[in-house]
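Participant: Input file: query_33.pdb. Contents: PDB, C-alpha atoms, pLDDT in the B column.
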MODEL        1
ATOM      1  CA  MET A   1     -20.070 -28.228  -7.364  1.00 90.00           C
ATOM      2  CA  LEU A   2     -16.665 -27.230  -8.683  1.00 93.00           C
ATOM      3  CA  PRO A   3     -13.424 -29.007  -7.772  1.00 94.00           C
ATOM      4  CA  ILE A   4     -10.667 -26.782  -6.401  1.00 94.00           C
ATOM      5  CA  GLY A   5      -8.686 -27.051  -9.631  1.00 93.00           C
ATOM      6  CA  GLU A   6     -11.596 -25.720 -11.672  1.00 94.00           C
ATOM      7  CA  VAL A   7     -12.168 -22.845  -9.241  1.00 95.00           C
ATOM      8  CA  ALA A   8      -8.456 -22.058  -9.436  1.00 95.00           C
ATOM      9  CA  ARG A   9      -8.522 -22.083 -13.232  1.00 95.00           C
ATOM     10  CA  ARG A  10     -11.654 -19.925 -13.516  1.00 96.00           C
ATOM     11  CA  SER A  11     -10.568 -17.433 -10.867  1.00 95.00           C
ATOM     12  CA  GLY A  12      -6.947 -17.176 -11.965  1.00 95.00           C
ATOM     13  CA  LEU A  13      -5.734 -18.058  -8.471  1.00 94.00           C
ATOM     14  CA  ALA A  14      -3.533 -20.913  -7.374  1.00 95.00           C
ATOM     15  CA  ALA A  15      -5.210 -23.759  -5.490  1.00 95.00           C
ATOM     16  CA  SER A  16      -2.906 -22.945  -2.562  1.00 95.00           C
ATOM     17  CA  ALA A  17      -4.366 -19.409  -2.474  1.00 95.00           C
ATOM     18  CA  LEU A  18      -7.869 -20.869  -2.319  1.00 94.00           C
ATOM     19  CA  ARG A  19      -6.879 -23.113   0.586  1.00 94.00           C
ATOM     20  CA  TYR A  20      -5.279 -20.107   2.310  1.00 95.00           C
ATOM     21  CA  TYR A  21      -8.383 -17.954   1.786  1.00 94.00           C
ATOM     22  CA  GLU A  22     -10.455 -20.753   3.267  1.00 93.00           C
ATOM     23  CA  ARG A  23      -8.208 -21.012   6.366  1.00 93.00           C
ATOM     24  CA  ALA A  24      -8.244 -17.226   6.698  1.00 92.00           C
ATOM     25  CA  GLY A  25     -12.062 -17.153   6.661  1.00 90.00           C
ATOM     26  CA  LEU A  26     -12.345 -15.227   3.403  1.00 92.00           C
ATOM     27  CA  VAL A  27     -14.244 -17.950   1.563  1.00 92.00           C
ATOM     28  CA  PRO A  28     -16.602 -20.524   3.092  1.00 89.00           C
ATOM     29  CA  ARG A  29     -15.159 -23.924   3.952  1.00 90.00           C
ATOM     30  CA  ALA A  30     -15.311 -26.219   0.964  1.00 91.00           C
ATOM     31  CA  ALA A  31     -17.402 -29.353   0.989  1.00 92.00           C
ATOM     32  CA  ARG A  32     -15.633 -32.632   0.335  1.00 93.00           C
ATOM     33  CA  ALA A  33     -16.320 -35.082  -2.450  1.00 91.00           C
ATOM     34  CA  GLY A  34     -14.092 -38.114  -2.557  1.00 90.00           C
ATOM     35  CA  GLY A  35     -11.772 -36.429  -0.038  1.00 89.00           C
ATOM     36  CA  LYS A  36     -11.230 -33.413  -2.299  1.00 90.00           C
ATOM     37  CA  ARG A  37     -12.418 -29.836  -1.872  1.00 91.00           C
ATOM     38  CA  VAL A  38     -15.398 -28.783  -3.966  1.00 93.00           C
ATOM     39  CA  TYR A  39     -16.987 -25.353  -3.999  1.00 94.00           C
ATOM     40  CA  GLY A  40     -20.298 -23.928  -5.094  1.00 92.00           C
ATOM     41  CA  GLU A  41     -20.380 -21.463  -8.000  1.00 91.00           C
ATOM     42  CA  GLU A  42     -20.867 -18.582  -5.528  1.00 90.00           C
ATOM     43  CA  VAL A  43     -17.226 -18.889  -4.471  1.00 93.00           C
ATOM     44  CA  LEU A  44     -16.261 -17.310  -7.802  1.00 95.00           C
ATOM     45  CA  GLU A  45     -18.248 -14.194  -6.881  1.00 91.00           C
ATOM     46  CA  ARG A  46     -16.568 -14.080  -3.469  1.00 91.00           C
ATOM     47  CA  LEU A  47     -13.135 -14.397  -5.089  1.00 95.00           C
ATOM     48  CA  ALA A  48     -13.981 -11.563  -7.499  1.00 93.00           C
ATOM     49  CA  LEU A  49     -14.991  -9.435  -4.495  1.00 90.00           C
ATOM     50  CA  ILE A  50     -11.714 -10.258  -2.746  1.00 93.00           C
ATOM     51  CA  ARG A  51      -9.701  -9.295  -5.828  1.00 94.00           C
ATOM     52  CA  THR A  52     -11.607  -6.030  -6.186  1.00 92.00           C
ATOM     53  CA  ALA A  53     -10.998  -5.171  -2.539  1.00 92.00           C
ATOM     54  CA  GLN A  54      -7.297  -6.015  -2.895  1.00 93.00           C
ATOM     55  CA  ALA A  55      -7.063  -3.790  -5.976  1.00 93.00           C
ATOM     56  CA  ALA A  56      -8.550  -0.958  -3.884  1.00 91.00           C
ATOM     57  CA  GLY A  57      -5.735  -1.431  -1.358  1.00 91.00           C
ATOM     58  CA  PHE A  58      -7.523  -3.438   1.319  1.00 92.00           C
ATOM     59  CA  ARG A  59      -5.453  -5.933   3.289  1.00 93.00           C
ATOM     60  CA  LEU A  60      -6.743  -9.460   3.854  1.00 92.00           C
ATOM     61  CA  ALA A  61      -7.654  -8.678   7.483  1.00 91.00           C
ATOM     62  CA  GLU A  62      -9.809  -5.778   6.292  1.00 90.00           C
ATOM     63  CA  ILE A  63     -11.406  -7.963   3.639  1.00 91.00           C
ATOM     64  CA  ARG A  64     -12.154 -10.570   6.314  1.00 90.00           C
ATOM     65  CA  THR A  65     -14.016  -7.864   8.253  1.00 86.00           C
ATOM     66  CA  LEU A  66     -15.993  -7.047   5.130  1.00 84.00           C
ATOM     67  CA  VAL A  67     -17.028 -10.625   4.352  1.00 81.00           C
ATOM     68  CA  ALA A  68     -17.474 -11.933   7.913  1.00 79.00           C
ATOM     69  CA  GLY A  69     -21.038 -13.215   8.153  1.00 72.00           C
ATOM     70  CA  LEU A  70     -21.930 -11.630   4.835  1.00 68.00           C
ATOM     71  CA  GLY A  71     -24.582 -13.701   3.117  1.00 67.00           C
ATOM     72  CA  ARG A  72     -25.842 -13.452  -0.427  1.00 69.00           C
ATOM     73  CA  ARG A  73     -28.747 -11.279   0.740  1.00 75.00           C
ATOM     74  CA  THR A  74     -26.839  -9.106   3.247  1.00 73.00           C
ATOM     75  CA  PRO A  75     -26.353  -5.575   1.922  1.00 77.00           C
ATOM     76  CA  PRO A  76     -22.609  -4.819   1.926  1.00 76.00           C
ATOM     77  CA  GLY A  77     -23.047  -1.025   1.731  1.00 80.00           C
ATOM     78  CA  PRO A  78     -22.675  -0.160   5.426  1.00 80.00           C
ATOM     79  CA  ARG A  79     -19.540  -2.303   5.744  1.00 79.00           C
ATOM     80  CA  TRP A  80     -18.014  -0.825   2.605  1.00 83.00           C
ATOM     81  CA  GLN A  81     -18.721   2.675   3.896  1.00 87.00           C
ATOM     82  CA  ALA A  82     -17.011   2.060   7.228  1.00 85.00           C
ATOM     83  CA  LEU A  83     -14.008   0.343   5.665  1.00 87.00           C
ATOM     84  CA  THR A  84     -13.591   2.842   2.839  1.00 89.00           C
ATOM     85  CA  ALA A  85     -13.665   5.823   5.204  1.00 90.00           C
ATOM     86  CA  ARG A  86     -10.711   4.352   7.111  1.00 90.00           C
ATOM     87  CA  LYS A  87      -8.927   3.376   3.907  1.00 92.00           C
ATOM     88  CA  GLU A  88      -9.350   6.887   2.450  1.00 93.00           C
ATOM     89  CA  ALA A  89      -7.690   8.401   5.537  1.00 93.00           C
ATOM     90  CA  GLU A  90      -4.877   5.844   5.355  1.00 93.00           C
ATOM     91  CA  LEU A  91      -4.302   6.547   1.665  1.00 93.00           C
ATOM     92  CA  ALA A  92      -4.306  10.320   2.238  1.00 95.00           C
ATOM     93  CA  ALA A  93      -1.549   9.881   4.833  1.00 95.00           C
ATOM     94  CA  ARG A  94       0.438   7.699   2.431  1.00 94.00           C
ATOM     95  CA  VAL A  95       0.024  10.244  -0.380  1.00 95.00           C
ATOM     96  CA  ALA A  96       1.331  13.002   1.906  1.00 95.00           C
ATOM     97  CA  GLU A  97       4.299  10.810   2.854  1.00 94.00           C
ATOM     98  CA  LEU A  98       5.039  10.102  -0.814  1.00 94.00           C
ATOM     99  CA  ALA A  99       4.821  13.821  -1.635  1.00 93.00           C
ATOM    100  CA  ARG A 100       7.404  14.567   1.094  1.00 90.00           C
ATOM    101  CA  ALA A 101       9.653  11.831  -0.304  1.00 89.00           C
ATOM    102  CA  ARG A 102       9.292  13.260  -3.823  1.00 92.00           C
ATOM    103  CA  ARG A 103      10.242  16.767  -2.620  1.00 87.00           C
ATOM    104  CA  LEU A 104      13.313  15.350  -0.894  1.00 85.00           C
ATOM    105  CA  LEU A 105      14.317  13.363  -3.988  1.00 87.00           C
ATOM    106  CA  ARG A 106      13.997  16.441  -6.178  1.00 88.00           C
ATOM    107  CA  ALA A 107      16.134  18.446  -3.748  1.00 82.00           C
ATOM    108  CA  LEU A 108      18.735  15.675  -3.659  1.00 83.00           C
ATOM    109  CA  ALA A 109      18.804  15.548  -7.457  1.00 86.00           C
ATOM    110  CA  ARG A 110      19.860  19.221  -7.439  1.00 84.00           C
ATOM    111  CA  CYS A 111      22.625  18.611  -4.907  1.00 83.00           C
ATOM    112  CA  ALA A 112      25.780  20.631  -5.551  1.00 85.00           C
ATOM    113  CA  CYS A 113      27.556  19.886  -2.279  1.00 86.00           C
ATOM    114  CA  PRO A 114      31.302  19.362  -2.638  1.00 87.00           C
ATOM    115  CA  THR A 115      31.343  16.322  -0.299  1.00 87.00           C
ATOM    116  CA  LEU A 116      28.943  13.781   1.094  1.00 86.00           C
ATOM    117  CA  ASP A 117      29.612  15.110   4.613  1.00 85.00           C
ATOM    118  CA  ASP A 118      28.546  18.605   3.487  1.00 84.00           C
ATOM    119  CA  CYS A 119      25.422  17.081   2.008  1.00 83.00           C
ATOM    120  CA  ALA A 120      24.620  15.284   5.273  1.00 80.00           C
ATOM    121  CA  ARG A 121      25.117  18.527   7.245  1.00 79.00           C
ATOM    122  CA  ALA A 122      22.876  20.412   4.822  1.00 78.00           C
ATOM    123  CA  LEU A 123      20.153  17.811   5.237  1.00 77.00           C
ATOM    124  CA  ASP A 124      20.472  17.963   9.042  1.00 73.00           C
ATOM    125  CA  LEU A 125      20.095  21.747   8.841  1.00 66.00           C
ATOM    126  CA  LYS A 126      16.961  21.307   6.753  1.00 64.00           C
ATOM    127  CA  ARG A 127      15.364  19.116   9.397  1.00 64.00           C
ATOM    128  CA  ALA A 128      16.137  21.765  12.022  1.00 57.00           C
ATOM    129  CA  SER A 129      14.692  24.662  10.023  1.00 53.00           C
ATOM    130  CA  THR A 130      12.213  25.463   7.322  1.00 47.00           C
ATOM    131  CA  ARG A 131      14.789  27.032   4.976  1.00 49.00           C
ATOM    132  CA  SER A 132      15.485  25.499   1.602  1.00 49.00           C
ATOM    133  CA  PHE A 133      18.185  22.858   1.354  1.00 49.00           C
ATOM    134  CA  PRO A 134      21.486  24.758   1.371  1.00 49.00           C
ATOM    135  CA  GLY A 135      23.412  23.463  -1.617  1.00 51.00           C
ATOM    136  CA  HIS A 136      20.406  21.461  -2.761  1.00 55.00           C
ATOM    137  CA  GLY A 137      18.844  23.627  -5.423  1.00 52.00           C
ATOM    138  CA  SER A 138      18.850  26.782  -3.337  1.00 49.00           C
ATOM    139  CA  GLY A 139      20.280  28.798  -6.237  1.00 47.00           C
ATOM    140  CA  ARG A 140      23.508  29.651  -4.397  1.00 50.00           C
ATOM    141  CA  SER A 141      26.737  29.371  -6.288  1.00 53.00           C
ATOM    142  CA  ALA A 142      29.406  26.919  -5.163  1.00 58.00           C
ATOM    143  CA  ARG A 143      31.684  29.853  -4.209  1.00 63.00           C
ATOM    144  CA  ARG A 144      28.922  31.424  -2.098  1.00 62.00           C
ATOM    145  CA  ARG A 145      28.279  28.078  -0.334  1.00 60.00           C
ATOM    146  CA  ARG A 146      32.003  27.713   0.476  1.00 66.00           C
ATOM    147  CA  LYS A 147      32.078  31.248   1.945  1.00 66.00           C
ATOM    148  CA  LEU A 148      29.020  30.522   4.056  1.00 62.00           C
ATOM    149  CA  ARG A 149      30.516  27.228   5.249  1.00 65.00           C
ATOM    150  CA  ALA A 150      33.778  28.978   6.138  1.00 69.00           C
ATOM    151  CA  ARG A 151      31.832  31.456   8.274  1.00 66.00           C
ATOM    152  CA  GLY A 152      29.890  28.627   9.917  1.00 65.00           C
ATOM    153  CA  GLU A 153      26.549  29.544   8.388  1.00 58.00           C
TER
ENDMDL
END
If you took the structure in this file and wrote it as structure tokens, what would it be?

Facilitator:
Amino acid sequence: MLPIGEVARRSGLAASALRYYERAGLVPRAARAGGKRVYGEEVLERLALIRTAQAAGFRLAEIRTLVAGLGRRTPPGPRWQALTARKEAELAARVAELARARRLLRALARCACPTLDDCARALDLKRASTRSFPGHGSGRSARRRRKLRARGE
């Protein structure tokens, strides 16, 4: 049996994190020896699994689903497959969102609007249409943009 301090040292986690993981149901409840928490060696494997899942982007609630009722002889494959399918879809949506943000940042970096108000109007126009950002890297000269603005285009 390992005292909580030793588990913390060997796992690289704070003792408070171990207590939290225990309350959250991620690691089995520790036995007590002399009023102090002690864990079996297997807790180190569970903590390594938790860290791996966190590195893959899983939240603690998802990890709890993975480890709930999972014994040393229970094959984790089916649970991993279900969780990873959902996580892949979530990550694909986040990647698409980040790509949109990157395109917007690149357009903003090319901004040649004379005022911030013009820039805001140009961005509002972009949301309303599929044209390129007027004044934001569209290739139009400043004089041409002023003429278009004067005509209300």

Participant: Starting from the shown file, work through the PyMOL selection byres ((chain A and resi 35-50) around 10) and note down what comes out as a compact mmCIF listing (two decimals) with C-alpha atoms, in the frame of the given file.

Facilitator:
# COMPACT_ATOMS: atom_id res chain seq x y z
CA MET A 1 -20.07 -28.23 -7.36
CA LEU A 2 -16.66 -27.23 -8.68
CA PRO A 3 -13.42 -29.01 -7.77
CA ILE A 4 -10.67 -26.78 -6.40
CA GLY A 5 -8.69 -27.05 -9.63
CA GLU A 6 -11.60 -25.72 -11.67
CA VAL A 7 -12.17 -22.84 -9.24
CA ALA A 8 -8.46 -22.06 -9.44
CA ARG A 10 -11.65 -19.92 -13.52
CA SER A 11 -10.57 -17.43 -10.87
CA GLY A 12 -6.95 -17.18 -11.96
CA LEU A 13 -5.73 -18.06 -8.47
CA LEU A 18 -7.87 -20.87 -2.32
CA ARG A 19 -6.88 -23.11 0.59
CA TYR A 21 -8.38 -17.95 1.79
CA LEU A 26 -12.34 -15.23 3.40
CA VAL A 27 -14.24 -17.95 1.56
CA PRO A 28 -16.60 -20.52 3.09
CA ARG A 29 -15.16 -23.92 3.95
CA ALA A 30 -15.31 -26.22 0.96
CA ALA A 31 -17.40 -29.35 0.99
CA ARG A 32 -15.63 -32.63 0.34
CA ALA A 33 -16.32 -35.08 -2.45
CA GLY A 34 -14.09 -38.11 -2.56
CA ARG A 51 -9.70 -9.30 -5.83
CA THR A 52 -11.61 -6.03 -6.19
CA ALA A 53 -11.00 -5.17 -2.54
CA GLN A 54 -7.30 -6.02 -2.90
CA ALA A 55 -7.06 -3.79 -5.98
CA ALA A 56 -8.55 -0.96 -3.88
CA PHE A 58 -7.52 -3.44 1.32
CA ARG A 59 -5.45 -5.93 3.29
CA LEU A 60 -6.74 -9.46 3.85
CA ILE A 63 -11.41 -7.96 3.64
CA ARG A 64 -12.15 -10.57 6.31
CA LEU A 66 -15.99 -7.05 5.13
CA VAL A 67 -17.03 -10.62 4.35
CA ARG A 72 -25.84 -13.45 -0.43

Participant: Find the distance between atom CA of Ala24 of chain A and atom CA of Glu88 of chain A and write it in Å to one decimal.

Facilitator: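 Between these atoms lies a distance of 24.5 Å.
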
Participant: Can you measure atom CA of Gly77 of chain A to atom CA of Ala89 of chain A for me? One decimal in Å is fine.

Facilitator: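 So the answer is 18.4 Å.
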
Participant: Distance atom CA of Ala99 of chain A-atom CA of Cys111 of chain A, one decimal place?

Facilitator: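 Straight-line distance from atom CA of Ala99 of chain A to atom CA of Cys111 of chain A works out to 18.7 Å.
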
Participant: Quick one: of A:Asp117, A:Glu22, A:Glu62, A:Asp124, who's nearest to Thr84 of chain A, counting all atoms listed in the file?

Facilitator: A:Glu62

Participant: Counting only C-alpha atoms, figure out which residue out of A:Pro114, A:Pro75, A:Gly57, A:Gly69 gets nearest to Leu91 of chain A.

Facilitator: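 For Leu91 of chain A, the nearest of the candidates is A:Gly57.
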